[in-house]
file work.cif (mmCIF, C-alpha atoms)
data_structure
loop_
_atom_site.label_atom_id
_atom_site.label_comp_id
_atom_site.auth_asym_id
_atom_site.auth_seq_id
_atom_site.Cartn_x
_atom_site.Cartn_y
_atom_site.Cartn_z
CA MET A 1 -11.81 15.77 -10.12
CA THR A 2 -11.65 12.05 -9.44
CA ASP A 3 -10.24 9.85 -6.73
CA THR A 4 -6.56 9.08 -6.27
CA ALA A 5 -4.91 5.71 -6.21
CA GLY A 6 -6.17 3.70 -3.29
CA THR A 7 -9.48 5.58 -3.09
CA ASP A 8 -11.27 2.95 -5.15
CA THR A 9 -9.96 -0.19 -3.53
CA ALA A 10 -12.53 -2.84 -2.76
CA PRO A 11 -14.25 -2.63 0.63
CA THR A 12 -12.50 -4.65 3.30
CA ASP A 13 -14.33 -7.71 4.61
CA THR A 14 -14.21 -7.64 8.38
CA ALA A 15 -15.17 -11.30 8.75
CA PRO A 16 -12.64 -13.50 10.60
CA THR A 17 -9.92 -14.75 8.31
CA ASP A 18 -7.93 -17.98 8.46
CA THR A 19 -4.37 -16.77 8.97
CA THR A 20 -2.73 -20.15 8.47
CA ALA A 21 0.13 -19.51 6.11
CA THR A 22 0.34 -21.48 2.89
CA ASP A 23 4.03 -22.00 2.17
CA THR A 24 4.72 -22.46 -1.51
CA THR A 25 8.38 -21.57 -1.31
CA ALA A 26 10.32 -22.30 -4.44
CA THR A 27 13.59 -24.16 -4.12
CA ASP A 28 14.72 -23.32 -7.63
CA THR A 29 16.20 -19.82 -7.62
CA THR A 30 16.77 -19.66 -11.35
CA GLY A 31 14.75 -17.49 -13.69
CA THR A 32 14.23 -13.74 -13.53
CA TYR A 33 14.57 -13.47 -9.77
CA GLY A 34 17.80 -12.85 -7.93
CA THR A 35 19.30 -15.25 -5.43
CA PRO A 36 17.22 -14.79 -2.28
CA ALA A 37 18.98 -13.20 0.66
CA PRO A 38 18.19 -14.17 4.26
CA ARG A 39 15.68 -11.34 4.67
CA GLY A 40 11.95 -11.08 4.52
CA ALA A 41 9.24 -8.66 3.47
CA TRP A 42 5.61 -8.60 4.59
CA VAL A 43 3.29 -7.00 2.02
CA ILE A 44 -0.23 -6.14 3.15
CA GLY A 45 -2.71 -5.93 0.28
CA GLY A 46 -0.51 -8.18 -1.86
CA GLY A 47 -3.32 -9.87 -3.74
CA SER A 48 -3.94 -7.09 -6.25
CA GLY A 49 -2.94 -3.67 -7.51
CA ILE A 50 0.03 -1.86 -6.00
CA GLY A 51 0.48 -4.47 -3.27
CA ARG A 52 0.69 -7.31 -5.75
CA ALA A 53 3.15 -5.45 -7.98
CA THR A 54 5.26 -4.63 -4.91
CA ALA A 55 5.32 -8.25 -3.76
CA LEU A 56 6.50 -9.33 -7.21
CA ARG A 57 9.17 -6.64 -7.34
CA LEU A 58 10.54 -7.31 -3.85
CA ALA A 59 10.72 -11.02 -4.59
CA ARG A 60 12.66 -10.24 -7.76
CA ASP A 61 15.04 -8.19 -5.61
CA GLY A 62 15.76 -11.22 -3.45
CA TYR A 63 13.28 -10.92 -0.60
CA ARG A 64 11.25 -13.83 0.62
CA VAL A 65 7.78 -12.29 0.61
CA ALA A 66 4.85 -12.98 2.90
CA VAL A 67 1.86 -11.93 0.82
CA SER A 68 -1.15 -10.90 2.91
CA GLY A 69 -4.70 -9.83 2.19
CA ARG A 70 -8.31 -10.93 2.52
CA ARG A 71 -8.87 -12.81 -0.72
CA GLU A 72 -6.96 -16.08 -0.57
CA ALA A 73 -7.41 -16.90 -4.26
CA LEU A 74 -5.69 -13.66 -5.28
CA LEU A 75 -2.91 -14.22 -2.75
CA ALA A 76 -2.35 -17.66 -4.24
CA GLU A 77 -2.05 -16.14 -7.72
CA THR A 78 0.58 -13.65 -6.56
CA VAL A 79 2.56 -16.37 -4.78
CA ALA A 80 2.33 -18.66 -7.81
CA GLU A 81 3.74 -15.99 -10.09
CA ILE A 82 6.63 -15.35 -7.72
CA THR A 83 7.51 -18.99 -7.17
CA GLY A 84 6.99 -19.83 -10.82
CA ALA A 85 9.79 -17.39 -11.66
CA GLY A 86 12.09 -18.82 -9.02
CA GLY A 87 11.29 -16.48 -6.15
CA LEU A 88 10.34 -17.21 -2.56
CA ALA A 89 6.88 -16.42 -1.22
CA LEU A 90 4.11 -17.64 1.02
CA SER A 91 0.46 -16.74 1.36
CA VAL A 92 -0.63 -15.32 4.72
CA PRO A 93 -4.35 -14.39 4.77
CA VAL A 94 -5.25 -11.55 7.11
CA ASP A 95 -8.14 -9.32 8.10
CA VAL A 96 -6.36 -6.06 8.89
CA THR A 97 -9.38 -4.74 10.79
CA ASP A 98 -9.02 -7.49 13.39
CA GLU A 99 -6.13 -7.27 15.86
CA ASP A 100 -6.02 -11.01 16.56
CA SER A 101 -5.90 -11.74 12.85
CA VAL A 102 -3.01 -9.31 12.36
CA THR A 103 -1.13 -10.82 15.29
CA ALA A 104 -1.55 -14.33 13.92
CA ALA A 105 -0.63 -13.23 10.40
CA HIS A 106 2.52 -11.52 11.63
CA ARG A 107 3.55 -14.66 13.47
CA ALA A 108 3.02 -16.72 10.30
CA ALA A 109 4.88 -14.17 8.17
CA ALA A 110 7.82 -14.01 10.56
CA ASP A 111 7.99 -17.80 10.82
CA GLY A 112 7.74 -18.33 7.09
CA ALA A 113 9.63 -15.37 5.65
CA GLY A 114 11.67 -14.05 8.54
CA PRO A 115 13.68 -12.36 9.65
CA LEU A 116 11.35 -9.63 8.46
CA GLU A 117 13.12 -6.49 7.29
CA VAL A 118 10.38 -4.71 5.33
CA LEU A 119 6.71 -3.98 5.96
CA VAL A 120 4.62 -2.55 3.12
CA CYS A 121 1.08 -1.45 4.03
CA SER A 122 -0.92 -1.21 0.81
CA ALA A 123 -4.49 -1.99 1.86
CA GLY A 124 -7.13 0.69 1.65
CA THR A 125 -10.77 1.41 0.99
CA ASN A 126 -13.37 4.12 0.43
CA VAL A 127 -17.15 4.29 0.25
CA PRO A 128 -19.40 5.52 -2.58
CA ASN A 129 -21.47 7.74 -0.24
CA ARG A 130 -18.58 9.91 0.88
CA TRP A 131 -20.22 13.36 1.08
CA TRP A 132 -21.44 14.70 4.42
CA ALA A 133 -25.04 14.70 3.17
CA GLU A 134 -24.84 10.91 2.67
CA LEU A 135 -21.99 9.75 4.92
CA THR A 136 -22.83 7.53 7.90
CA GLY A 137 -20.82 7.11 11.07
CA GLY A 138 -20.44 3.42 10.29
CA ASP A 139 -18.96 4.09 6.87
CA PHE A 140 -16.59 6.68 8.31
CA ASP A 141 -15.40 4.22 10.95
CA ARG A 142 -14.89 1.46 8.38
CA VAL A 143 -12.74 3.63 6.12
CA VAL A 144 -10.63 4.94 8.99
CA ASP A 145 -10.24 1.46 10.46
CA THR A 146 -8.94 0.06 7.17
CA ASN A 147 -6.83 2.99 6.01
CA LEU A 148 -5.37 4.17 9.32
CA ASN A 149 -5.96 1.83 12.26
CA ALA A 150 -4.94 -1.23 10.25
CA VAL A 151 -1.56 0.36 9.55
CA VAL A 152 -1.10 0.90 13.29
CA ARG A 153 -1.89 -2.77 13.97
CA CYS A 154 0.66 -3.98 11.42
CA VAL A 155 3.34 -1.54 12.58
CA LEU A 156 2.88 -2.54 16.22
CA ALA A 157 3.31 -6.16 15.18
CA VAL A 158 6.68 -5.66 13.44
CA LEU A 159 8.28 -3.01 15.65
CA PRO A 160 9.65 -5.29 18.38
CA GLY A 161 11.51 -7.40 15.82
CA PHE A 162 12.77 -4.34 13.97
CA ARG A 163 14.06 -2.81 17.19
CA THR A 164 15.87 -6.01 18.14
CA ALA A 165 17.46 -6.24 14.70
CA GLY A 166 18.42 -2.57 14.74
CA PHE A 167 16.86 -2.04 11.33
CA GLY A 168 13.49 -2.09 9.62
CA GLN A 169 11.84 -0.40 6.64
CA ILE A 170 8.16 0.53 6.74
CA VAL A 171 6.45 1.80 3.59
CA VAL A 172 2.94 3.15 4.04
CA VAL A 173 1.21 3.44 0.67
CA SER A 174 -1.02 6.46 1.10
CA SER A 175 -2.40 8.70 -1.64
CA TRP A 176 -2.19 12.08 -3.29
CA ALA A 177 -5.07 12.85 -0.92
CA GLY A 178 -2.70 12.15 1.96
CA ARG A 179 -0.53 15.08 0.92
CA HIS A 180 -2.95 17.53 -0.75
CA TYR A 181 -6.60 18.23 -0.05
CA MET A 182 -8.73 16.53 -2.67
CA SER A 183 -12.45 17.21 -2.74
CA ALA A 184 -13.44 14.02 -4.55
CA ALA A 185 -11.86 11.77 -1.92
CA GLY A 186 -14.48 12.58 0.69
CA ALA A 187 -14.22 13.15 4.44
CA ALA A 188 -13.32 9.67 5.70
CA TYR A 189 -10.69 8.93 3.07
CA SER A 190 -9.13 12.37 3.29
CA ALA A 191 -8.94 12.27 7.07
CA SER A 192 -7.48 8.77 7.21
CA LYS A 193 -4.87 9.31 4.50
CA THR A 194 -3.81 12.71 5.82
CA ALA A 195 -3.30 11.15 9.26
CA LEU A 196 -0.88 8.62 7.79
CA GLY A 197 1.61 11.41 7.16
CA ALA A 198 1.68 12.30 10.86
CA LEU A 199 1.83 8.62 11.77
CA VAL A 200 4.96 8.13 9.68
CA GLU A 201 6.54 11.27 11.17
CA THR A 202 6.11 9.84 14.68
CA LEU A 203 7.74 6.60 13.57
CA ASN A 204 10.80 8.37 12.20
CA ASP A 205 10.99 10.59 15.28
CA GLN A 206 10.66 7.86 17.89
CA GLU A 207 11.96 4.75 16.13
CA GLY A 208 14.68 6.21 13.92
CA ARG A 209 17.02 6.04 16.91
CA HIS A 210 16.49 2.27 16.85
CA GLY A 211 17.36 1.99 13.17
CA VAL A 212 13.76 1.90 11.95
CA ARG A 213 12.82 4.12 9.02
CA ALA A 214 9.40 4.82 7.51
CA THR A 215 8.18 6.31 4.25
CA HIS A 216 4.83 7.99 3.57
CA LEU A 217 4.36 7.15 -0.11
CA CYS A 218 1.70 9.23 -1.87
CA PRO A 219 0.86 8.03 -5.39
CA GLY A 220 -1.34 9.95 -7.76
CA GLU A 221 -3.82 8.08 -9.90
CA VAL A 222 -2.87 4.49 -10.71
CA ASP A 223 -4.45 2.31 -13.39
CA THR A 224 -5.82 -0.68 -11.52
CA PRO A 225 -8.86 -2.84 -12.40
CA ILE A 226 -10.91 -1.37 -9.55
CA LEU A 227 -10.67 2.01 -11.26
CA ARG A 228 -13.40 0.84 -13.64
CA THR A 229 -15.83 0.41 -10.74
CA ARG A 230 -16.11 4.13 -10.05
CA PRO A 231 -19.58 5.59 -10.57
CA VAL A 232 -18.10 7.59 -13.43
CA PRO A 233 -14.90 5.85 -14.58
CA PRO A 234 -12.24 8.01 -16.20
CA PRO A 235 -12.22 7.80 -19.99
CA PRO A 236 -9.70 5.38 -21.56
CA GLU A 237 -7.48 8.16 -22.89
CA GLU A 238 -7.00 9.51 -19.35
CA ILE A 239 -6.45 6.06 -17.83
CA ALA A 240 -3.72 5.50 -20.39
CA ARG A 241 -1.79 8.45 -18.93
CA MET A 242 -1.94 7.23 -15.33
CA LEU A 243 0.68 5.37 -13.37
CA VAL A 244 0.55 1.58 -13.40
CA PRO A 245 1.08 -0.51 -10.23
CA GLU A 246 4.56 -1.49 -11.37
CA ASP A 247 5.59 2.18 -11.35
CA VAL A 248 4.76 2.45 -7.67
CA ALA A 249 6.39 -0.91 -6.95
CA ASP A 250 9.60 0.37 -8.55
CA VAL A 251 9.49 3.37 -6.22
CA VAL A 252 9.05 1.10 -3.20
CA ALA A 253 12.01 -0.99 -4.37
CA SER A 254 14.16 2.11 -4.76
CA VAL A 255 13.40 3.07 -1.15
CA THR A 256 14.13 -0.38 0.26
CA ALA A 257 17.42 -0.52 -1.66
CA LEU A 258 18.86 2.57 0.03
CA PRO A 259 21.63 2.19 2.63
CA PRO A 260 20.40 1.71 6.21
CA HIS A 261 21.37 5.24 7.27
CA VAL A 262 19.14 6.85 4.60
CA CYS A 263 15.46 7.58 5.27
CA VAL A 264 12.95 8.81 2.70
CA ASN A 265 10.37 10.39 4.98
CA GLU A 266 7.77 11.21 2.33
CA LEU A 267 7.55 10.69 -1.38
CA VAL A 268 4.91 11.89 -3.85
CA VAL A 269 4.83 10.17 -7.24
CA THR A 270 2.38 11.03 -10.01
CA PRO A 271 1.94 10.75 -13.74
CA VAL A 272 3.60 13.57 -15.67
CA TRP A 273 0.11 14.42 -16.95
CA ASN A 274 -1.48 14.79 -13.53
CA ARG A 275 -5.25 15.15 -13.51
CA MET A 276 -5.08 16.65 -10.03
CA TYR A 277 -3.41 19.67 -11.62
CA VAL A 278 -5.46 19.66 -14.80
CA ASP A 279 -8.78 19.73 -12.95
CA ASN A 280 -7.65 22.74 -10.89
CA SER A 281 -5.46 24.49 -13.42
CA ALA A 282 -5.98 27.89 -14.99
CA TYR A 283 -4.50 26.42 -18.18
CA ARG A 284 -6.52 24.53 -20.71
CA PRO A 285 -6.13 20.71 -20.57
CA ASP A 286 -4.86 20.75 -24.16
CA GLY A 287 -1.90 22.88 -23.04
CA GLY A 288 -3.21 26.11 -24.53
#
call {"tool": "encode", "arguments": {"input": "work.cif", "output": "structure tokens"}}
result
Amino acid sequence: MTDTAGTDTAPTDTAPTDTTATDTTATDTTGTYGTPAPRGAWVIGGGSGIGRATALRLARDGYRVAVSGRREALLAETVAEITGAGGLALSVPVDVTDEDSVTAAHRAAADGAGPLEVLVCSAGTNVPNRWWAELTGGDFDRVVDTNLNAVVRCVLAVLPGFRTAGFGQIVVVSSWAGRHYMSAAGAAYSASKTALGALVETLNDQEGRHGVRATHLCPGEVDTPILRTRPVPPPPEEIARMLVPEDVADVVASVTALPPHVCVNELVVTPVWNRMYVDNSAYRPDGG
């Protein structure tokens, strides 16, 4: 069995990050994007993979998107694609493992793309040495800090504004491993992603009365470039059957488009040919 989407994201750099927003807002709203509405979305992990695809999709749906992540060059590419098609976006670098960086990034996102209505947390990491025989306390802490604690930091940043507005949508991009035990994910990843489900439940319990709704989104395997960096990458014929980032972005968009009184608490989305079943199935992979 192999890792789920999000398991193989690049390790997060915990070095201080310049959170000065680069505003490259487009004034021309023609092209493939809809006329922007006075609402904003903050996408964490927007430089690549699911986060990037989500930023592009939300911009096409009329959101002004604050695109955040560590790697400024990738953020700039996402913003350029959005603005080049007539959308509205700005780059907001952030180190999600640093509370001050998150606070500054939220301020820049709210100033540049506000009022913020949507938060999408799509940053995550794992470590190669994920078995107990090899795992170190430092690696465990790093994975949990990026996958779980970073979500808390971002949520705490947006909640006051969401409460004041009486509405806010939070989408936490988790993993198949956040819903089902998955041996290949390892201890740190499994623990951090499973905890996200409980985190989202507490949000809906305590903040739903203020109009805030949260979704624990659990994708199966997704074909992203980082997939090829696994010690044993899946063969091309299996990668071809996986989800692509745009599939998950479409799911996020479907959640954000729902009426304010509707909450999707948890959502699991996988390829029809799901390797998580095949690797544990009593049936032969060829269907026999």
call {"tool": "atom_distance", "arguments": {"input": "work.cif", "atom1": "CA of Ala185 (chain A)", "atom2": "CA of Val158 (chain A)"}}
result
29.7 Å
call {"tool": "closest_residue", "arguments": {"input": "work.cif", "among": "A:Val171, A:Val264, A:Ala253, A:Ala157", "to": "Glu99 (chain A)", "atoms": "only C-alpha atoms"}}
result
A:Ala157
call {"tool": "resolve_selection", "arguments": {"input": "work.cif", "expression": "the PyMOL selection byres ((chain A and resi 39-49) around 9)", "output": "PyMOL selection string"}}
result
chain A and resi 9+36-38+50-56+58-59+62-79+94+96+106+109-110+112-124+154+222-226+244-246
call {"tool": "write_last_selection", "arguments": {"input": "work.cif", "atoms": "C-alpha atoms", "output": "CSV table (one decimal), in the coordinates of the input"}}
result
chain,number,residue,atom,x,y,z
A,9,THR,CA,-10.0,-0.2,-3.5
A,36,PRO,CA,17.2,-14.8,-2.3
A,37,ALA,CA,19.0,-13.2,0.7
A,38,PRO,CA,18.2,-14.2,4.3
A,50,ILE,CA,0.0,-1.9,-6.0
A,51,GLY,CA,0.5,-4.5,-3.3
A,52,ARG,CA,0.7,-7.3,-5.8
A,53,ALA,CA,3.2,-5.4,-8.0
A,54,THR,CA,5.3,-4.6,-4.9
A,55,ALA,CA,5.3,-8.2,-3.8
A,56,LEU,CA,6.5,-9.3,-7.2
A,58,LEU,CA,10.5,-7.3,-3.8
A,59,ALA,CA,10.7,-11.0,-4.6
A,62,GLY,CA,15.8,-11.2,-3.4
A,63,TYR,CA,13.3,-10.9,-0.6
A,64,ARG,CA,11.2,-13.8,0.6
A,65,VAL,CA,7.8,-12.3,0.6
A,66,ALA,CA,4.8,-13.0,2.9
A,67,VAL,CA,1.9,-11.9,0.8
A,68,SER,CA,-1.2,-10.9,2.9
A,69,GLY,CA,-4.7,-9.8,2.2
A,70,ARG,CA,-8.3,-10.9,2.5
A,71,ARG,CA,-8.9,-12.8,-0.7
A,72,GLU,CA,-7.0,-16.1,-0.6
A,73,ALA,CA,-7.4,-16.9,-4.3
A,74,LEU,CA,-5.7,-13.7,-5.3
A,75,LEU,CA,-2.9,-14.2,-2.8
A,76,ALA,CA,-2.4,-17.7,-4.2
A,77,GLU,CA,-2.0,-16.1,-7.7
A,78,THR,CA,0.6,-13.6,-6.6
A,79,VAL,CA,2.6,-16.4,-4.8
A,94,VAL,CA,-5.2,-11.6,7.1
A,96,VAL,CA,-6.4,-6.1,8.9
A,106,HIS,CA,2.5,-11.5,11.6
A,109,ALA,CA,4.9,-14.2,8.2
A,110,ALA,CA,7.8,-14.0,10.6
A,112,GLY,CA,7.7,-18.3,7.1
A,113,ALA,CA,9.6,-15.4,5.6
A,114,GLY,CA,11.7,-14.0,8.5
A,115,PRO,CA,13.7,-12.4,9.6
A,116,LEU,CA,11.4,-9.6,8.5
A,117,GLU,CA,13.1,-6.5,7.3
A,118,VAL,CA,10.4,-4.7,5.3
A,119,LEU,CA,6.7,-4.0,6.0
A,120,VAL,CA,4.6,-2.6,3.1
A,121,CYS,CA,1.1,-1.4,4.0
A,122,SER,CA,-0.9,-1.2,0.8
A,123,ALA,CA,-4.5,-2.0,1.9
A,124,GLY,CA,-7.1,0.7,1.6
A,154,CYS,CA,0.7,-4.0,11.4
A,222,VAL,CA,-2.9,4.5,-10.7
A,223,ASP,CA,-4.4,2.3,-13.4
A,224,THR,CA,-5.8,-0.7,-11.5
A,225,PRO,CA,-8.9,-2.8,-12.4
A,226,ILE,CA,-10.9,-1.4,-9.6
A,244,VAL,CA,0.6,1.6,-13.4
A,245,PRO,CA,1.1,-0.5,-10.2
A,246,GLU,CA,4.6,-1.5,-11.4
call {"tool": "closest_residue", "arguments": {"input": "work.cif", "among": "A:Leu203, A:Val155, A:Glu134, A:Arg57", "to": "Ala257 (chain A)", "atoms": "all atoms listed in the file"}}
result
A:Arg57
call {"tool": "closest_residue", "arguments": {"input": "work.cif", "among": "A:Arg142, A:His210, A:Arg60, A:Arg241", "to": "Ser192 (chain A)", "atoms": "only C-alpha atoms"}}
result
A:Arg142
call {"tool": "closest_residue", "arguments": {"input": "work.cif", "among": "A:Cys263, A:Gly208, A:Gln169, A:Leu156", "to": "Val102 (chain A)", "atoms": "all atoms listed in the file"}}
result
A:Leu156
call {"tool": "residues_around", "arguments": {"input": "work.cif", "residues": "Val172 (chain A)", "least_positions_apart": "6", "cutoff": "8 Å", "atoms": "only C-alpha atoms", "output": "list in words"}}
result
Val120, Cys121, Ser122, Val151, Leu196, Val200, Ala214, Thr215, His216 and Leu217 of chain A
call {"tool": "residues_around", "arguments": {"input": "work.cif", "residues": "Asn204 (chain A)", "least_positions_apart": "5", "cutoff": "8 Å", "atoms": "only C-alpha atoms", "output": "PDB file with C-alpha atoms, in the frame of the given file"}}
result
ATOM      1  CA  VAL A 212      13.760   1.900  11.950  1.00  0.00           C
ATOM      2  CA  ARG A 213      12.820   4.120   9.020  1.00  0.00           C
ATOM      3  CA  ALA A 214       9.400   4.820   7.510  1.00  0.00           C
ATOM      4  CA  ASN A 265      10.370  10.390   4.980  1.00  0.00           C
TER       5      ASN A 265
END
call {"tool": "resolve_selection", "arguments": {"input": "work.cif", "expression": "the PyMOL selection byres ((chain A and resi 179) around 8)", "output": "count of residues only"}}
result
10
call {"tool": "atom_distance", "arguments": {"input": "work.cif", "atom1": "CA of Asp145 (chain A)", "atom2": "CA of Asp98 (chain A)"}}
result
9.5 Å
call {"tool": "residues_around", "arguments": {"input": "work.cif", "residues": "Trp132 (chain A)", "least_positions_apart": "5", "cutoff": "10 Å", "atoms": "only C-alpha atoms", "output": "ChimeraX atom specification"}}
result
/A:186-188
call {"tool": "atom_distance", "arguments": {"input": "work.cif", "atom1": "CA of Ala165 (chain A)", "atom2": "CA of Thr202 (chain A)"}}
result
19.7 Å
call {"tool": "closest_residue", "arguments": {"input": "work.cif", "among": "A:Glu238, A:Gly220, A:Ala105, A:Pro271", "to": "Met182 (chain A)", "atoms": "only C-alpha atoms"}}
result
A:Gly220
call {"tool": "closest_residue", "arguments": {"input": "work.cif", "among": "A:Glu207, A:Gly86, A:Glu81, A:Val144", "to": "Leu159 (chain A)", "atoms": "only C-alpha atoms"}}
result
A:Glu207
call {"tool": "build_atoms", "arguments": {"input": "work.cif", "residues": "region 51-73 of chain A", "atoms": "N, CA and C atoms", "output": "JSON list (two decimals), in the coordinates of the input"}}
result
[["chain", "number", "residue", "atom", "x", "y", "z"],
["A", 51, "GLY", "N", -0.08, -3.47, -4.18],
["A", 51, "GLY", "CA", 0.48, -4.47, -3.27],
["A", 51, "GLY", "C", 1.01, -5.67, -4.01],
["A", 52, "ARG", "N", 0.25, -6.14, -4.98],
["A", 52, "ARG", "CA", 0.69, -7.31, -5.75],
["A", 52, "ARG", "C", 1.97, -6.99, -6.53],
["A", 53, "ALA", "N", 1.97, -5.84, -7.21],
["A", 53, "ALA", "CA", 3.15, -5.45, -7.98],
["A", 53, "ALA", "C", 4.37, -5.30, -7.08],
["A", 54, "THR", "N", 4.15, -4.79, -5.86],
["A", 54, "THR", "CA", 5.26, -4.63, -4.91],
["A", 54, "THR", "C", 5.79, -5.98, -4.45],
["A", 55, "ALA", "N", 4.89, -6.92, -4.16],
["A", 55, "ALA", "CA", 5.32, -8.25, -3.76],
["A", 55, "ALA", "C", 6.17, -8.89, -4.85],
["A", 56, "LEU", "N", 5.74, -8.77, -6.10],
["A", 56, "LEU", "CA", 6.50, -9.33, -7.21],
["A", 56, "LEU", "C", 7.87, -8.67, -7.33],
["A", 57, "ARG", "N", 7.91, -7.35, -7.19],
["A", 57, "ARG", "CA", 9.17, -6.64, -7.34],
["A", 57, "ARG", "C", 10.14, -6.97, -6.20],
["A", 58, "LEU", "N", 9.66, -7.01, -4.97],
["A", 58, "LEU", "CA", 10.54, -7.31, -3.85],
["A", 58, "LEU", "C", 11.07, -8.74, -3.95],
["A", 59, "ALA", "N", 10.25, -9.66, -4.40],
["A", 59, "ALA", "CA", 10.72, -11.02, -4.59],
["A", 59, "ALA", "C", 11.82, -11.07, -5.66],
["A", 60, "ARG", "N", 11.64, -10.30, -6.72],
["A", 60, "ARG", "CA", 12.66, -10.24, -7.76],
["A", 60, "ARG", "C", 13.96, -9.64, -7.23],
["A", 61, "ASP", "N", 13.85, -8.79, -6.21],
["A", 61, "ASP", "CA", 15.04, -8.19, -5.61],
["A", 61, "ASP", "C", 15.69, -9.09, -4.56],
["A", 62, "GLY", "N", 15.13, -10.27, -4.36],
["A", 62, "GLY", "CA", 15.76, -11.22, -3.45],
["A", 62, "GLY", "C", 15.10, -11.40, -2.11],
["A", 63, "TYR", "N", 14.00, -10.74, -1.87],
["A", 63, "TYR", "CA", 13.28, -10.92, -0.60],
["A", 63, "TYR", "C", 12.42, -12.18, -0.66],
["A", 64, "ARG", "N", 12.29, -12.82, 0.48],
["A", 64, "ARG", "CA", 11.25, -13.83, 0.62],
["A", 64, "ARG", "C", 10.02, -13.09, 1.12],
["A", 65, "VAL", "N", 8.92, -13.18, 0.38],
["A", 65, "VAL", "CA", 7.78, -12.29, 0.61],
["A", 65, "VAL", "C", 6.60, -13.05, 1.22],
["A", 66, "ALA", "N", 6.11, -12.54, 2.34],
["A", 66, "ALA", "CA", 4.85, -12.98, 2.90],
["A", 66, "ALA", "C", 3.77, -12.09, 2.32],
["A", 67, "VAL", "N", 2.88, -12.68, 1.55],
["A", 67, "VAL", "CA", 1.86, -11.93, 0.82],
["A", 67, "VAL", "C", 0.54, -12.03, 1.58],
["A", 68, "SER", "N", 0.05, -10.89, 2.07],
["A", 68, "SER", "CA", -1.15, -10.90, 2.91],
["A", 68, "SER", "C", -2.28, -10.10, 2.29],
["A", 69, "GLY", "N", -3.50, -10.51, 2.63],
["A", 69, "GLY", "CA", -4.70, -9.83, 2.19],
["A", 69, "GLY", "C", -5.90, -10.68, 2.55],
["A", 70, "ARG", "N", -7.07, -10.22, 2.17],
["A", 70, "ARG", "CA", -8.31, -10.93, 2.52],
["A", 70, "ARG", "C", -8.61, -12.09, 1.58],
["A", 71, "ARG", "N", -8.38, -11.87, 0.29],
["A", 71, "ARG", "CA", -8.87, -12.81, -0.72],
["A", 71, "ARG", "C", -7.79, -13.85, -1.04],
["A", 72, "GLU", "N", -7.99, -15.04, -0.50],
["A", 72, "GLU", "CA", -6.96, -16.08, -0.57],
["A", 72, "GLU", "C", -6.65, -16.51, -2.00],
["A", 73, "ALA", "N", -7.65, -16.50, -2.87],
["A", 73, "ALA", "CA", -7.41, -16.90, -4.26],
["A", 73, "ALA", "C", -6.43, -15.93, -4.94]]
